>>> print(open('model.txt').read())   # compact mmCIF, C-alpha atoms
# COMPACT_ATOMS: atom_id res chain seq x y z
CA MET A 1 25.37 -6.78 -7.39
CA ASN A 2 23.02 -6.06 -10.27
CA ILE A 3 19.42 -7.24 -9.86
CA ASP A 4 16.49 -6.94 -12.19
CA ALA A 5 13.54 -4.62 -11.57
CA ASP A 6 11.12 -7.33 -10.44
CA THR A 7 13.58 -8.74 -7.91
CA TYR A 8 14.28 -5.22 -6.65
CA LEU A 9 10.58 -4.47 -6.13
CA SER A 10 9.97 -7.87 -4.52
CA MET A 11 12.78 -7.20 -2.02
CA ILE A 12 11.17 -3.88 -1.09
CA LEU A 13 7.76 -5.51 -0.64
CA HIS A 14 9.34 -8.16 1.61
CA ARG A 15 11.09 -5.47 3.68
CA GLU A 16 7.81 -3.56 4.05
CA ALA A 17 5.64 -6.57 4.98
CA VAL A 18 3.15 -5.86 7.76
CA ASP A 19 2.22 -8.24 10.56
CA THR A 20 -1.53 -8.91 10.28
CA SER A 21 -1.63 -11.70 12.88
CA ILE A 22 -3.21 -11.55 16.33
CA PHE A 23 0.20 -10.36 17.56
CA SER A 24 0.09 -7.26 15.38
CA PRO A 25 0.64 -3.94 17.23
CA LEU A 26 -2.67 -2.83 15.71
CA TRP A 27 -4.62 -4.78 18.30
CA ASN A 28 -2.68 -3.16 21.15
CA VAL A 29 -3.51 0.25 19.68
CA ARG A 30 -7.19 -0.64 19.48
CA ALA A 31 -7.15 -1.99 23.04
CA THR A 32 -5.60 1.27 24.23
CA VAL A 33 -8.11 3.62 22.63
CA PHE A 34 -11.29 1.53 22.91
CA PRO A 35 -12.11 2.34 26.57
CA LEU A 36 -11.62 6.06 25.91
CA LEU A 37 -13.80 6.00 22.80
CA ASN A 38 -16.46 4.04 24.66
CA GLN A 39 -16.47 6.70 27.38
CA TRP A 40 -16.67 9.50 24.79
CA ALA A 41 -19.53 7.88 22.84
CA ASN A 42 -21.76 7.83 25.94
CA GLY A 43 -23.59 4.61 25.10
CA ASN A 44 -23.72 5.14 21.32
CA LEU A 45 -20.62 3.14 20.36
CA LEU A 46 -21.36 0.15 18.11
CA GLY A 47 -17.76 -0.81 17.46
CA VAL A 48 -14.17 0.20 16.75
CA ARG A 49 -12.46 -1.80 14.04
CA PRO A 50 -9.61 -1.64 11.58
CA SER A 51 -10.34 -0.19 8.19
CA GLY A 52 -8.06 1.09 5.50
CA SER A 53 -4.86 -0.52 4.32
CA PHE A 54 -4.41 -3.03 7.16
CA SER A 55 -7.71 -4.71 6.34
CA LYS A 56 -7.14 -4.61 2.57
CA GLY A 57 -3.60 -5.99 2.53
CA THR A 58 -2.22 -2.71 1.13
CA ALA A 59 -0.24 -1.54 4.17
CA ASN A 60 3.53 -1.01 4.36
CA ALA A 61 5.61 -1.21 7.52
CA SER A 62 7.02 2.30 7.02
CA GLY A 63 4.92 5.43 6.81
CA THR A 64 1.60 3.70 7.36
CA ASP A 65 -1.20 5.02 9.51
CA ILE A 66 -3.47 2.68 11.41
CA ASP A 67 -7.09 3.44 10.52
CA LEU A 68 -9.74 2.74 13.13
CA PHE A 69 -13.36 3.14 12.10
CA ILE A 70 -15.63 4.30 14.93
CA SER A 71 -19.19 3.17 14.34
CA LEU A 72 -21.84 5.13 16.23
CA SER A 73 -25.53 4.34 16.55
CA ASP A 74 -28.03 6.07 14.28
CA GLN A 75 -29.61 7.25 17.54
CA THR A 76 -26.64 9.55 18.20
CA HIS A 77 -28.20 13.02 18.59
CA GLU A 78 -25.21 15.17 17.60
CA THR A 79 -24.70 16.18 13.98
CA LEU A 80 -21.78 14.64 12.10
CA LYS A 81 -19.79 17.86 12.43
CA GLN A 82 -20.50 17.95 16.17
CA VAL A 83 -19.42 14.32 16.50
CA TYR A 84 -16.14 15.10 14.73
CA GLU A 85 -15.40 18.23 16.76
CA CYS A 86 -16.45 16.70 20.08
CA LEU A 87 -14.07 13.80 19.48
CA PHE A 88 -11.26 16.25 18.70
CA VAL A 89 -11.86 18.16 21.96
CA PHE A 90 -12.17 14.93 23.98
CA LEU A 91 -8.86 13.56 22.66
CA LYS A 92 -7.15 16.83 23.55
CA GLN A 93 -8.57 16.61 27.08
CA GLN A 94 -7.15 13.09 27.36
CA GLY A 95 -3.62 14.35 26.74
CA TYR A 96 -3.28 13.55 23.05
CA ALA A 97 -2.25 16.04 20.37
CA PRO A 98 -5.05 15.45 17.84
CA ARG A 99 -4.70 16.68 14.27
CA ARG A 100 -7.71 17.34 12.07
CA GLN A 101 -7.67 15.66 8.65
CA ASN A 102 -10.37 15.42 6.01
CA VAL A 103 -12.58 12.68 7.47
CA SER A 104 -10.35 11.48 10.31
CA ILE A 105 -8.54 12.73 13.40
CA ASN A 106 -4.91 11.71 13.78
CA ILE A 107 -3.26 10.91 17.11
CA ARG A 108 -0.10 9.08 18.21
CA VAL A 109 -0.66 5.87 20.18
CA ASN A 110 2.20 3.56 21.24
CA ASN A 111 4.46 5.32 18.71
CA PHE A 112 2.00 4.69 15.87
CA ASP A 113 0.09 7.22 13.81
CA VAL A 114 -3.60 6.42 14.27
CA ASP A 115 -6.38 7.86 12.13
CA LEU A 116 -9.74 7.76 13.92
CA VAL A 117 -12.74 7.93 11.58
CA PRO A 118 -16.00 8.67 13.44
CA ALA A 119 -19.21 7.83 11.57
CA LYS A 120 -22.91 7.28 12.26
CA GLN A 121 -24.68 4.17 11.06
CA GLN A 122 -27.51 5.20 8.74
CA ASN A 123 -29.88 2.59 10.17
CA TYR A 124 -29.65 -0.73 11.98
CA LEU A 125 -30.49 -2.74 8.83
CA THR A 126 -27.36 -1.71 6.92
CA ASN A 127 -23.65 -1.15 7.40
CA ASP A 128 -23.82 2.11 5.45
CA HIS A 129 -22.47 5.00 7.50
CA SER A 130 -22.43 8.78 7.23
CA LEU A 131 -19.26 10.69 8.04
CA TYR A 132 -18.18 14.31 8.16
CA VAL A 133 -16.02 15.72 5.34
CA ARG A 134 -14.12 18.63 6.83
CA ARG A 135 -12.60 20.10 3.66
CA LYS A 136 -16.02 20.76 2.17
CA ASP A 137 -17.97 21.06 5.43
CA THR A 138 -20.42 18.40 4.28
CA TRP A 139 -21.08 14.69 4.76
CA LYS A 140 -20.93 11.54 2.66
CA LYS A 141 -22.14 7.98 2.78
CA THR A 142 -19.59 5.21 3.07
CA ASN A 143 -19.40 1.47 3.62
CA ILE A 144 -16.01 0.19 4.71
CA ASP A 145 -17.00 -3.47 4.25
CA LYS A 146 -17.63 -2.81 0.55
CA HIS A 147 -14.35 -0.88 0.29
CA ILE A 148 -12.38 -3.73 1.85
CA ALA A 149 -14.07 -6.34 -0.33
CA TYR A 150 -13.58 -4.31 -3.53
CA VAL A 151 -9.86 -3.69 -3.02
CA THR A 152 -9.17 -7.19 -1.72
CA MET A 153 -10.94 -8.89 -4.61
CA ALA A 154 -9.07 -6.77 -7.18
CA GLY A 155 -5.80 -8.46 -6.17
CA ARG A 156 -3.59 -5.42 -6.80
CA GLN A 157 -2.01 -5.28 -3.34
CA GLN A 158 1.60 -5.43 -4.56
CA GLU A 159 1.24 -2.58 -7.03
CA ILE A 160 -0.71 -0.47 -4.53
CA ARG A 161 1.95 -0.95 -1.85
CA ILE A 162 4.72 0.09 -4.23
CA ILE A 163 2.79 3.19 -5.32
CA LYS A 164 2.08 4.13 -1.68
CA LEU A 165 5.81 3.95 -0.92
CA TRP A 166 6.48 6.13 -3.96
CA ARG A 167 3.83 8.61 -2.75
CA ASN A 168 5.40 8.80 0.71
CA GLN A 169 8.98 9.10 -0.52
CA LYS A 170 8.09 11.81 -3.03
CA GLY A 171 5.96 13.72 -0.49
CA LEU A 172 2.84 13.68 -2.66
CA ASP A 173 -0.67 14.49 -1.46
CA PHE A 174 -2.40 11.36 -2.75
CA PRO A 175 -4.96 9.77 -0.37
CA SER A 176 -4.58 6.03 0.08
CA PHE A 177 -8.10 5.08 -1.03
CA TYR A 178 -7.66 7.24 -4.13
CA ILE A 179 -4.41 5.38 -4.87
CA GLU A 180 -6.09 2.01 -4.44
CA LEU A 181 -8.93 2.82 -6.82
CA ALA A 182 -6.64 4.53 -9.36
CA VAL A 183 -4.25 1.57 -9.46
CA ILE A 184 -7.14 -0.85 -9.93
CA LYS A 185 -8.47 1.27 -12.78
CA ALA A 186 -5.03 1.64 -14.39
CA LEU A 187 -4.56 -2.14 -14.41
CA GLN A 188 -8.07 -3.25 -15.27
CA PHE A 189 -6.90 -4.90 -18.51
CA GLU A 190 -3.42 -6.01 -17.35
CA PHE A 191 -3.13 -9.61 -16.16
CA LEU A 192 0.06 -11.39 -17.24
CA MET A 193 2.68 -8.65 -17.16
CA PRO A 194 5.47 -8.81 -14.53
CA LEU A 195 5.28 -6.55 -11.48
CA SER A 196 7.68 -3.90 -12.81
CA HIS A 197 5.64 -3.55 -16.02
CA ARG A 198 2.42 -3.19 -14.02
CA VAL A 199 3.98 -0.45 -11.90
CA VAL A 200 5.05 1.35 -15.07
CA LYS A 201 1.46 1.09 -16.33
CA CYS A 202 0.29 2.80 -13.14
CA LEU A 203 2.77 5.64 -13.58
CA GLU A 204 1.75 6.08 -17.21
CA TYR A 205 -1.89 6.25 -16.12
CA PHE A 206 -1.06 8.90 -13.51
CA ARG A 207 0.93 10.87 -16.09
CA ASP A 208 -1.64 10.69 -18.88
CA SER A 209 -5.07 10.29 -17.28
CA LEU A 210 -5.17 11.15 -13.58
CA SER A 211 -5.92 14.83 -14.15
CA THR A 212 -9.16 14.07 -16.00
CA ALA A 213 -10.19 10.59 -14.81
CA GLN A 214 -13.26 10.32 -12.62
CA ILE A 215 -12.69 7.86 -9.78
CA VAL A 216 -15.92 6.79 -8.08
CA ASP A 217 -16.48 5.25 -4.66
CA PRO A 218 -17.57 1.62 -5.28
CA ALA A 219 -19.86 1.84 -2.25
CA ASN A 220 -21.52 5.12 -3.26
CA THR A 221 -21.57 6.33 -6.86
CA ASN A 222 -22.47 9.84 -5.70
CA ASN A 223 -19.12 10.07 -3.93
CA ILE A 224 -16.48 11.10 -6.48
CA ILE A 225 -13.13 10.22 -4.89
CA SER A 226 -11.20 12.12 -7.55
CA ASP A 227 -12.82 15.34 -6.30
CA ASP A 228 -10.82 14.97 -3.08
CA LEU A 229 -7.81 16.56 -4.79
CA THR A 230 -7.56 19.88 -6.57
CA ALA A 231 -6.42 20.17 -10.17
CA ALA A 232 -3.04 21.42 -8.95
CA GLU A 233 -2.61 18.46 -6.61
CA LYS A 234 -3.42 16.01 -9.40
CA GLN A 235 -1.02 17.81 -11.72
CA ALA A 236 1.75 17.43 -9.13
CA ILE A 237 1.17 13.66 -9.11
CA SER A 238 1.17 13.53 -12.91
CA LYS A 239 4.45 15.46 -13.08
CA ALA A 240 6.06 13.23 -10.45
CA ALA A 241 4.97 10.14 -12.41
CA ALA A 242 6.44 11.56 -15.63
CA THR A 243 9.73 12.27 -13.87
CA SER A 244 9.89 8.79 -12.34
CA LEU A 245 9.25 7.16 -15.71
CA GLN A 246 12.42 8.80 -17.01
CA GLY A 247 14.60 7.67 -14.08
CA PHE A 248 16.01 4.49 -12.55
CA TRP A 249 14.21 2.08 -10.24
CA GLY A 250 16.49 3.04 -7.37
CA SER A 251 15.38 6.67 -7.65
CA PHE A 252 11.72 5.69 -8.11
CA VAL A 253 11.37 3.89 -4.79
CA ARG A 254 13.81 2.63 -2.21
>>> encode(input="model.txt", output="C-alpha cells")
Amino acid sequence: MNIDADTYLSMILHREAVDTSIFSPLWNVRATVFPLLNQWANGNLLGVRPSGSFSKGTANASGTDIDLFISLSDQTHETLKQVYECLFVFLKQQGYAPRRQNVSINIRVNNFDVDLVPAKQQNYLTNDHSLYVRRKDTWKKTNIDKHIAYVTMAGRQQEIRIIKLWRNQKGLDFPSFYIELAVIKALQFEFLMPLSHRVVKCLEYFRDSLSTAQIVDPANTNNIISDDLTAAEKQAISKAAATSLQGFWGSFVR
C-alpha cells in the first residue's frame, strides 16, 4: 500500500505516543527514586519533578529517557561538582550502575533510562537553579519552568519528535534540548506547510546552518546551547541531514 509522506509521519507519531496521564510509568519511577534522593540530600531536597521531553510534549515511546530534576536548597553546603559526584557515589552504593553524562547521571529504574539532574536553587525568591557541567568542569544557570514554557508555547512538538527519532535511529550526538531549540528556530517563519514539508525545512536548516548558528538558552542568554557540541559533531549532523534529504521517507525514519 502506498501512502503519502504526511500520513506516514502521522502513523509514526501515533505509534510513538507517550502516556502522560497519572498512570504513566514516569510516576512509578519518581516514586521509586524519591525516598533514596531524599535520604541522599540530607534535608536539602526541595523537590524531584519531571523535566525534559515528558513535560514539553516532545517525548517518544522508544529511545526516550525520563528526566528528573532534583532541586536542592540554596543552603546546600557542597559545591555543584561535589553534589554531582556525591550523587554518583550514592547511587552506586544503592546498587545502581550510574553513568556520568554532561549535566545528568543516568541510571536504570523499572526498565527505564532515567536521567537525574541535580541542581541548587540560586535563592528562595526564584526558580533559577545552578547545575554542574561536567564536560567543561564549570556551572551554568538554568530554569526548567522557562524551558518547558518556551518549547510548549512554540507548538513544534510533532516536528521535534520526528527529528528525535531520526537522531536516535541515525546514532547522532544531538542533545534533546538543542534539537528542540534548533527546530523552533528552523521553523520560525513556517506556519501553513504540511508536516512533511516542515520536517524537510528542519533538515535543510541542519544541513545549511547548524554548523554556524548560535542557539541560545531562552532562560539564560549567557548559556550558548550550540557550544555543547564540537564542530565535528555538528558537521556529522549536517552530513546526515544532507544524506536524508536525498533519500526516501522510509530510510529517513521508521
>>> residues_around(input="model.txt", residues="stretch 83-92 of chain A", least_positions_apart="4", cutoff="10 Å", atoms="all atoms listed in the file", output="PyMOL selection string")
chain A and resi 33+36-37+39-41+72+76-79+96-100+103-107+116-120+131-134
>>> residues_around(input="model.txt", residues="A:Ala17", least_positions_apart="5", cutoff="8 Å", atoms="all atoms listed in the file", output="list of chain:residue names")
A:Ala59, A:Asn60, A:Ala61
>>> residues_around(input="model.txt", residues="A:Ser176", least_positions_apart="4", cutoff="9 Å", atoms="only C-alpha atoms", output="NGL selection string")
:A and (52-53 or 160 or 164 or 180-181)
>>> atom_distance(input="model.txt", atom1="atom CA of A:Gly47", atom2="atom CA of A:Phe34")
8.8 Å
>>> closest_residue(input="model.txt", among="A:Leu245, A:Ala5, A:Ala31, A:Leu13", to="A:Gln157", atoms="all atoms listed in the file")
A:Leu13
>>> atom_distance(input="model.txt", atom1="atom CA of A:Arg135", atom2="atom CA of A:Asn102")
5.7 Å
>>> closest_residue(input="model.txt", among="A:Pro218, A:Pro50, A:Pro194, A:Gly247", to="A:Ser10", atoms="only C-alpha atoms")
A:Pro194
